[in-house]
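Enquirer: First, the structure itself, so that you have it in front of you.
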Amino acid sequence: MSDWFSDERATFGDRLAGARDAAGLSQADLARKIGVKEKTIHAWEDDVSEPRANRLQMLAGLLNVSLMWLLTGEGEGVADPESDIEPVPEDVETVLTDLRLMRAEMGRMADRIALMEKRLRSVIRGSDA
């Protein structure tokens, strides 16, 4: 078995989408089953937001995967997707890995920007008083 859903190659959202697909559920089906809006599932699969612990447990149970697999790709999960596509050359794999790292870094930077914006707003509000 390859490391298709490993933490190095896949995000939480990738694993959630893979498990949902393997279970034969649409985003709307999954949303209905766990009591959230479809846009919430979409945001989770796009790694825009993450579910709370109680929803994680529900997802793991409903999708028949372990909680650890959803979070890290280790443990009981779904099989790697079967593909007739030729193996990707190493240089392309390196680019994909770099892109994933850059996306993670952009997320951290967005969090830092939001914190700085919040601090600036509090300074502005303080000077208006």
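Letters for chains follow the order of the structure tokens (A, B, ...), residue numbers begin at 1 for each chain, and ligand numbers begin at 1 in the order shown.
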Please provide the set of residues having any atom within 10 Å of Ala17 of chain A, restricted to only C-alpha atoms, with same-chain residues fewer than 6 positions apart removed, written as a compact mmCIF listing (two decimals) with N, CA and C atoms, in the first residue's frame.
Expert:
```txt
# COMPACT_ATOMS: atom_id res chain seq x y z
N THR A 11 -3.93 16.16 3.30
CA THR A 11 -4.42 16.95 4.43
C THR A 11 -5.61 16.25 5.06
N ALA A 23 -17.19 5.79 1.03
CA ALA A 23 -18.46 5.41 1.65
C ALA A 23 -19.64 5.64 0.71
N LEU A 25 -20.88 8.56 -0.28
CA LEU A 25 -21.71 9.67 0.17
C LEU A 25 -21.35 10.96 -0.55
N SER A 26 -22.34 11.77 -0.83
CA SER A 26 -22.08 13.11 -1.35
C SER A 26 -21.82 14.03 -0.15
N GLN A 27 -21.36 15.23 -0.43
CA GLN A 27 -21.18 16.19 0.66
C GLN A 27 -22.51 16.46 1.34
N ILE A 41 -19.12 20.94 5.29
CA ILE A 41 -18.36 19.80 4.76
C ILE A 41 -17.39 20.29 3.69
N HIS A 42 -17.87 21.16 2.84
CA HIS A 42 -17.03 21.72 1.77
C HIS A 42 -15.80 22.42 2.38
N TRP A 44 -14.45 21.91 5.33
CA TRP A 44 -13.56 20.92 5.93
C TRP A 44 -12.71 20.24 4.86
N GLU A 45 -13.33 19.86 3.76
CA GLU A 45 -12.59 19.16 2.70
C GLU A 45 -11.60 20.08 1.99
N ASP A 46 -11.88 21.37 2.00
CA ASP A 46 -10.96 22.34 1.40
C ASP A 46 -9.93 22.85 2.41
```
Enquirer: Quick one: residues within 12 Å of Val48 of chain A, only C-alpha atoms counted, chain neighbours fewer than 2 positions away excluded, as a list in words?
Expert: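 Counting only C-alpha atoms, the residues come to Thr11, Phe12, Gly13, Asp14, Lys39, Thr40, Ile41, His42, Ala43, Trp44, Glu45, Asp46, Glu50, Pro51, Arg103, Ala104, Met106, Gly107, Ala110 and Asp111 of chain A.
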Enquirer: Using DSSP on the backbone, list every residue of segment 7-119 of chain A that comes out as alpha helix (DSSP H), and give them as a count of residues only.
Expert: 74
Enquirer: Enter the distance from atom CA of Gly77 of chain A to atom CA of Val65 of chain A, in Å, rounded to one decimal.
Expert: 4.6 Å
Enquirer: Excluding segment 52-55 of chain A and residues on its chain fewer than 5 positions from it, collect all residues at most 10 Å away from it, counting only C-alpha atoms, and give them as a PDB file with C-alpha atoms, in the first residue's frame.
Expert:
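The resulting file, selection_14.pdb, is reproduced below:
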```pdb
ATOM      1  CA  ILE A  34     -23.916  14.530  11.013  1.00  0.00           C
ATOM      2  CA  GLY A  35     -26.164  17.583  11.303  1.00  0.00           C
ATOM      3  CA  VAL A  36     -24.129  20.328   9.646  1.00  0.00           C
ATOM      4  CA  ALA A  60     -14.791   8.569  11.945  1.00  0.00           C
ATOM      5  CA  GLY A  61     -17.652   6.316  13.011  1.00  0.00           C
ATOM      6  CA  LEU A  67      -9.975   9.029  14.247  1.00  0.00           C
TER       7      LEU A  67
END
```
Enquirer: I'd like the interatomic distance between atom CA of Leu63 of chain A and atom CA of Ala22 of chain A, to a tenth of an Å.
Expert: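 About the pair atom CA of Leu63 of chain A and atom CA of Ala22 of chain A: they are 8.2 Å apart.
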